[in-house]
Each structure stands twice: as C-alpha cells, then as structure tokens.
>>> print(open('work05.json').read())   # JSON, C-alpha atoms
[["chain", "number", "residue", "atom", "x", "y", "z"],
["E", 1, "MET", "CA", 118.68, 174.37, 101.83],
["E", 2, "SER", "CA", 119.53, 177.47, 103.73],
["E", 3, "GLY", "CA", 122.89, 179.18, 103.64],
["E", 4, "GLY", "CA", 123.45, 178.74, 107.36],
["E", 5, "PRO", "CA", 125.36, 176.09, 109.24],
["E", 6, "GLU", "CA", 124.14, 172.53, 109.30],
["E", 7, "PRO", "CA", 121.98, 171.49, 112.23],
["E", 8, "GLY", "CA", 124.12, 170.81, 115.26],
["E", 9, "ARG", "CA", 127.09, 172.70, 113.84],
["E", 10, "ALA", "CA", 128.16, 176.02, 115.27],
["E", 11, "PRO", "CA", 129.01, 178.95, 112.96],
["E", 12, "GLU", "CA", 132.61, 178.76, 114.20],
["E", 13, "ASP", "CA", 132.88, 175.31, 112.61],
["E", 14, "ASP", "CA", 132.14, 176.89, 109.23],
["E", 15, "ARG", "CA", 134.87, 179.48, 109.73],
["E", 16, "ARG", "CA", 137.44, 176.84, 110.62],
["E", 17, "ASN", "CA", 136.50, 174.86, 107.52],
["E", 18, "GLY", "CA", 136.87, 177.92, 105.29],
["E", 19, "ARG", "CA", 133.16, 178.13, 104.43],
["E", 20, "GLY", "CA", 132.16, 181.36, 106.00],
["E", 21, "ASN", "CA", 132.99, 184.40, 107.96],
["E", 22, "GLY", "CA", 131.83, 183.13, 111.32],
["E", 23, "ASN", "CA", 128.44, 184.80, 111.26],
["E", 24, "GLY", "CA", 126.75, 181.74, 109.80],
["E", 25, "SER", "CA", 125.41, 183.54, 106.76],
["E", 26, "GLY", "CA", 128.46, 183.18, 104.55],
["E", 27, "ARG", "CA", 128.00, 186.71, 103.24],
["E", 28, "GLY", "CA", 130.47, 188.78, 105.19],
["E", 29, "ASN", "CA", 127.95, 191.60, 105.64],
["E", 30, "GLY", "CA", 128.30, 191.81, 109.40],
["E", 31, "GLN", "CA", 124.58, 191.23, 109.98],
["E", 32, "GLU", "CA", 123.49, 188.71, 112.54],
["E", 33, "PRO", "CA", 121.96, 185.62, 110.91],
["E", 34, "PRO", "CA", 118.34, 184.82, 111.62],
["E", 35, "ARG", "CA", 117.68, 182.46, 114.47],
["E", 36, "PRO", "CA", 116.92, 178.87, 113.48],
["E", 37, "GLY", "CA", 113.29, 178.59, 112.48],
["E", 38, "SER", "CA", 112.92, 182.31, 111.87],
["E", 39, "VAL", "CA", 111.84, 184.05, 108.67],
["E", 40, "ARG", "CA", 113.41, 187.19, 107.29],
["E", 41, "PRO", "CA", 111.18, 190.25, 106.82],
["E", 42, "THR", "CA", 109.97, 190.87, 103.29],
["E", 43, "ALA", "CA", 112.42, 193.05, 101.39],
["E", 44, "ARG", "CA", 110.91, 196.31, 100.13],
["E", 45, "ARG", "CA", 113.16, 196.16, 97.05],
["E", 46, "LEU", "CA", 111.64, 192.83, 96.11],
["E", 47, "LEU", "CA", 108.14, 194.27, 96.39],
["E", 48, "VAL", "CA", 109.11, 197.22, 94.19],
["E", 49, "ALA", "CA", 110.62, 194.84, 91.63],
["E", 50, "ILE", "CA", 107.42, 192.77, 91.64],
["E", 51, "ALA", "CA", 105.34, 195.93, 91.14],
["E", 52, "VAL", "CA", 107.53, 197.03, 88.21],
["E", 53, "LEU", "CA", 107.19, 193.56, 86.68],
["E", 54, "GLY", "CA", 103.42, 193.80, 87.18],
["E", 55, "ALA", "CA", 103.32, 197.19, 85.44],
["E", 56, "ALA", "CA", 105.17, 195.73, 82.48],
["E", 57, "ILE", "CA", 102.71, 192.83, 82.39],
["E", 58, "GLY", "CA", 99.74, 195.22, 82.57],
["E", 59, "VAL", "CA", 100.96, 197.46, 79.74],
["E", 60, "THR", "CA", 101.93, 194.48, 77.58],
["E", 61, "LEU", "CA", 98.59, 192.77, 78.17],
["E", 62, "VAL", "CA", 96.58, 195.82, 77.12],
["E", 63, "LYS", "CA", 98.74, 196.45, 74.04],
["E", 64, "ALA", "CA", 98.58, 192.78, 72.98],
["E", 65, "ILE", "CA", 94.80, 192.60, 73.33],
["E", 66, "GLU", "CA", 94.22, 195.89, 71.51],
["E", 67, "SER", "CA", 96.67, 195.02, 68.71],
["E", 68, "GLY", "CA", 94.73, 191.80, 68.16],
["E", 69, "GLY", "CA", 91.51, 193.79, 67.70],
["E", 70, "GLY", "CA", 90.11, 192.97, 71.12],
["E", 71, "VAL", "CA", 88.89, 195.20, 73.92],
["E", 72, "ALA", "CA", 91.24, 195.52, 76.87],
["E", 73, "PRO", "CA", 89.85, 194.53, 80.26],
["E", 74, "SER", "CA", 88.56, 197.18, 82.59],
["E", 75, "VAL", "CA", 88.44, 197.22, 86.37],
["E", 76, "SER", "CA", 84.96, 196.88, 87.87],
["E", 77, "TRP", "CA", 83.52, 198.33, 91.05],
["E", 78, "LEU", "CA", 83.26, 194.81, 92.43],
["E", 79, "THR", "CA", 87.04, 194.45, 92.10],
["E", 80, "LEU", "CA", 87.55, 197.66, 94.07],
["E", 81, "VAL", "CA", 85.14, 196.56, 96.79],
["E", 82, "ALA", "CA", 86.74, 193.11, 97.05],
["E", 83, "TRP", "CA", 90.27, 194.56, 97.31],
["E", 84, "ALA", "CA", 89.12, 197.13, 99.88],
["E", 85, "PHE", "CA", 87.45, 194.38, 101.92],
["E", 86, "LEU", "CA", 90.63, 192.28, 101.79],
["E", 87, "ALA", "CA", 92.71, 195.29, 102.89],
["E", 88, "ALA", "CA", 90.32, 195.93, 105.78],
["E", 89, "LEU", "CA", 90.51, 192.28, 106.90],
["E", 90, "LEU", "CA", 94.30, 192.34, 106.75],
["E", 91, "PHE", "CA", 94.50, 195.59, 108.73],
["E", 92, "ALA", "CA", 92.14, 194.12, 111.36],
["E", 93, "ALA", "CA", 94.20, 190.92, 111.58],
["E", 94, "ALA", "CA", 97.41, 192.96, 111.85],
["E", 95, "ARG", "CA", 95.98, 195.13, 114.62],
["E", 96, "ASN", "CA", 94.60, 192.14, 116.52],
["E", 97, "THR", "CA", 97.86, 190.20, 116.20],
["E", 98, "HIS", "CA", 99.92, 193.25, 117.22],
["E", 99, "GLN", "CA", 97.77, 193.76, 120.32],
["E", 100, "ARG", "CA", 98.02, 190.11, 121.32],
["E", 101, "VAL", "CA", 101.71, 189.49, 120.59],
["E", 102, "GLN", "CA", 103.42, 192.85, 121.00],
["E", 103, "VAL", "CA", 101.28, 194.74, 123.53],
["E", 104, "ARG", "CA", 99.76, 192.08, 125.80],
["E", 105, "ARG", "CA", 102.62, 189.61, 125.12],
["E", 106, "GLU", "CA", 100.25, 186.68, 124.80],
["E", 107, "ARG", "CA", 101.50, 183.46, 123.30],
["E", 108, "ILE", "CA", 99.65, 182.22, 120.25],
["E", 109, "GLU", "CA", 99.77, 178.76, 118.77],
["E", 110, "PRO", "CA", 102.77, 178.31, 116.47],
["E", 111, "SER", "CA", 100.60, 177.01, 113.64],
["E", 112, "ARG", "CA", 98.38, 180.11, 113.87],
["E", 113, "ALA", "CA", 101.43, 182.39, 113.91],
["E", 114, "VAL", "CA", 102.86, 180.69, 110.83],
["E", 115, "PHE", "CA", 99.49, 180.94, 109.10],
["E", 116, "LEU", "CA", 99.23, 184.67, 109.84],
["E", 117, "LEU", "CA", 102.82, 185.22, 108.74],
["E", 118, "LEU", "CA", 102.21, 183.41, 105.46],
["E", 119, "ILE", "CA", 99.00, 185.34, 104.86],
["E", 120, "GLY", "CA", 100.87, 188.61, 105.45],
["E", 121, "LYS", "CA", 103.75, 187.69, 103.13],
["E", 122, "ALA", "CA", 101.46, 186.36, 100.39],
["E", 123, "SER", "CA", 99.28, 189.45, 100.60],
["E", 124, "ALA", "CA", 102.30, 191.70, 100.24],
["E", 125, "PHE", "CA", 103.55, 189.80, 97.18],
["E", 126, "VAL", "CA", 100.17, 189.52, 95.44],
["E", 127, "GLY", "CA", 99.31, 193.10, 96.32],
["E", 128, "ALA", "CA", 102.59, 194.32, 94.83],
["E", 129, "LEU", "CA", 101.98, 192.38, 91.61],
["E", 130, "CYS", "CA", 98.40, 193.68, 91.33],
["E", 131, "THR", "CA", 99.56, 197.23, 92.09],
["E", 132, "GLY", "CA", 101.85, 197.00, 89.10],
["E", 133, "VAL", "CA", 99.28, 195.39, 86.80],
["E", 134, "TYR", "CA", 96.62, 197.98, 87.64],
["E", 135, "ALA", "CA", 99.14, 200.80, 87.27],
["E", 136, "GLY", "CA", 100.08, 199.32, 83.89],
["E", 137, "PHE", "CA", 96.41, 199.33, 82.87],
["E", 138, "ALA", "CA", 96.08, 202.96, 83.94],
["E", 139, "LEU", "CA", 99.22, 203.95, 82.03],
["E", 140, "SER", "CA", 97.97, 202.20, 78.90],
["E", 141, "PHE", "CA", 94.73, 204.14, 78.87],
["E", 142, "LEU", "CA", 96.38, 207.43, 79.79],
["E", 143, "GLU", "CA", 97.03, 208.32, 76.13],
["E", 144, "ALA", "CA", 93.32, 208.68, 75.33],
["E", 145, "VAL", "CA", 92.22, 210.13, 78.66],
["E", 146, "SER", "CA", 90.36, 213.03, 76.98],
["E", 147, "SER", "CA", 87.38, 210.79, 76.11],
["E", 148, "SER", "CA", 85.11, 209.46, 78.83],
["E", 149, "GLY", "CA", 85.69, 205.70, 78.29],
["E", 150, "PRO", "CA", 89.45, 205.72, 78.78],
["E", 151, "ARG", "CA", 89.15, 208.33, 81.55],
["E", 152, "ASN", "CA", 86.91, 205.97, 83.54],
["E", 153, "ARG", "CA", 89.36, 203.12, 82.90],
["E", 154, "VAL", "CA", 92.27, 205.23, 84.16],
["E", 155, "ILE", "CA", 90.33, 206.24, 87.28],
["E", 156, "MET", "CA", 89.21, 202.68, 88.09],
["E", 157, "ALA", "CA", 92.63, 201.15, 87.42],
["E", 158, "GLY", "CA", 94.33, 203.90, 89.44],
["E", 159, "ALA", "CA", 91.93, 203.34, 92.34],
["E", 160, "ALA", "CA", 92.61, 199.59, 92.18],
["E", 161, "ALA", "CA", 96.36, 200.28, 92.24],
["E", 162, "VAL", "CA", 95.97, 202.48, 95.33],
["E", 163, "ILE", "CA", 93.85, 199.86, 97.10],
["E", 164, "SER", "CA", 96.43, 197.23, 96.15],
["E", 165, "VAL", "CA", 99.08, 199.35, 97.88],
["E", 166, "LEU", "CA", 96.86, 199.22, 100.98],
["E", 167, "VAL", "CA", 96.81, 195.42, 100.69],
["E", 168, "VAL", "CA", 100.63, 195.42, 100.53],
["E", 169, "THR", "CA", 100.83, 197.72, 103.56],
["E", 170, "ALA", "CA", 98.38, 195.62, 105.56],
["E", 171, "GLY", "CA", 100.26, 192.44, 104.65],
["E", 172, "LEU", "CA", 103.54, 193.94, 105.80],
["E", 173, "LEU", "CA", 101.94, 195.10, 109.05],
["E", 174, "LEU", "CA", 100.56, 191.62, 109.65],
["E", 175, "GLU", "CA", 103.99, 190.14, 108.98],
["E", 176, "ARG", "CA", 105.56, 192.60, 111.41],
["E", 177, "ALA", "CA", 102.93, 191.87, 114.07],
["E", 178, "CYS", "CA", 103.95, 188.19, 113.99],
["E", 179, "ARG", "CA", 107.47, 188.96, 115.22],
["E", 180, "ILE", "CA", 108.24, 187.54, 118.61],
["E", 181, "PRO", "CA", 109.03, 190.42, 120.97],
["E", 182, "GLU", "CA", 112.44, 190.43, 122.59],
["E", 183, "ASP", "CA", 112.39, 189.54, 126.26],
["E", 184, "PRO", "CA", 113.73, 192.58, 128.17],
["E", 185, "ASP", "CA", 115.20, 190.24, 130.83],
["E", 186, "GLU", "CA", 117.40, 188.48, 128.26],
["E", 187, "THR", "CA", 119.11, 191.55, 126.80],
["E", 188, "PRO", "CA", 122.67, 192.00, 128.14]]
>>> encode(input="work05.json", output="structure tokens")
Amino acid sequence: MSGGPEPGRAPEDDRRNGRGNGNGSGRGNGQEPPRPGSVRPTARRLLVAIAVLGAAIGVTLVKAIESGGGVAPSVSWLTLVAWAFLAALLFAAARNTHQRVQVRRERIEPSRAVFLLLIGKASAFVGALCTGVYAGFALSFLEAVSSSGPRNRVIMAGAAAVISVLVVTAGLLLERACRIPEDPDETP
C-alpha cells in the first residue's frame, strides 16, 4: 500500500483524523505528494547505495574464489560490446521518447509509456549494481597491476564499469523522458 490517502479520501481527511500533515504523504517534509498513478523519479542516493553494494559483492566474490584456489572471473570483450549496445539502445529510446513526449507533445499509449518507464528504471538499477560489481573486480586486481594479466583484468573491468555508468545514465534519461509535460494553460 502507498502512504497516501485512501482512494476517494482527500488529504484533509487524513489531517482531521490525526494521520498526516495535510499533504497526503504523512512525512511533514512540505513536498507535494505525487499525483495518483504517478511514479517518483529514481533516487540518486539509492543508485549510489546499490553501486557500493555491488562493489562489495565484486570484491568479496573475487577474494572468495581466489581463496578457494580458483581463478577469478574476467570481463570479456563480448561483455563490453553487449553493454555498449544496450547503452546505445537506451540512449536512442530516451531521445526518441523525449522528442515525442516533451518536444512534439504527442500522446503515447499508456502501456507503452509504462513499459518504457520500467525499462528505464530497471536499467538504472541493474546498471548501478553492475557498475559496482565491475568496479569491485577492478579494485581486487589492482594490487597486482604490475603484471600483464591483472593489468588487463583491471582495464577490462574498469571499462565495463564505465559502460555500466552509461547504462545507468541512459536509463535515467529514458525515465525522465517518460514524464508527462505540464500543460502551460493549467498553471496558475
């Protein structure tokens, strides 16, 4: 359930019943609550937290595999190409959606808008996690960077982390492009 008022109940009803501050969010932060059916933008702090968690997972994974006598995974060129292709597709979708919704003010089908929004959000979350994991890989191999094997692993993992940041950026741009523009006639 959401923290807002029940359907059909105005925010003032919550204030009278002692369950809120009248803004419908129950937080007292003075921000306007989202409109019914709307989705909040992805918080940058959450993405940073996910990336930090991913870095911890990456470092722990490499250490655990190497302590067990195994060989830690390395990032391949195919991974870099696939991530770059995904980033390019997301940037193209974000640009196309921005042009249609924000510039030309065309209406798109609600199901398509929700799909694009979900793709943007999911890409931002997965990209943040992968950024952290790849950065964790790179940090793990940084100790032995003087030899060629670990140096190549650091370079490939670092490149994958950078491309993952591009996936996050493209996902956030796609999410932003899905916002419904404010009607200039409706502003007071």
>>> atom_distance(input="work05.json", atom1="atom CA of Phe91 of chain E", atom2="atom CA of Ala138 of chain E")
25.9 Å
>>> closest_residue(input="work05.json", among="E:Glu182, E:Arg45, E:Leu172, E:Val114", to="Leu90 of chain E", atoms="only C-alpha atoms")
E:Leu172
>>> closest_residue(input="work05.json", among="E:Gly149, E:Ile180, E:Thr131, E:Phe141", to="Val162 of chain E", atoms="all atoms listed in the file")
E:Thr131
>>> closest_residue(input="work05.json", among="E:Ala177, E:Leu139, E:Val133, E:Ile119", to="Ser164 of chain E", atoms="only C-alpha atoms")
E:Val133
>>> closest_residue(input="work05.json", among="E:Ala161, E:Glu143, E:Leu86, E:Arg151", to="Gly54 of chain E", atoms="only C-alpha atoms")
E:Ala161
>>> closest_residue(input="work05.json", among="E:Arg179, E:Arg153, E:Lys63, E:Lys121", to="Val167 of chain E", atoms="only C-alpha atoms")
E:Lys121
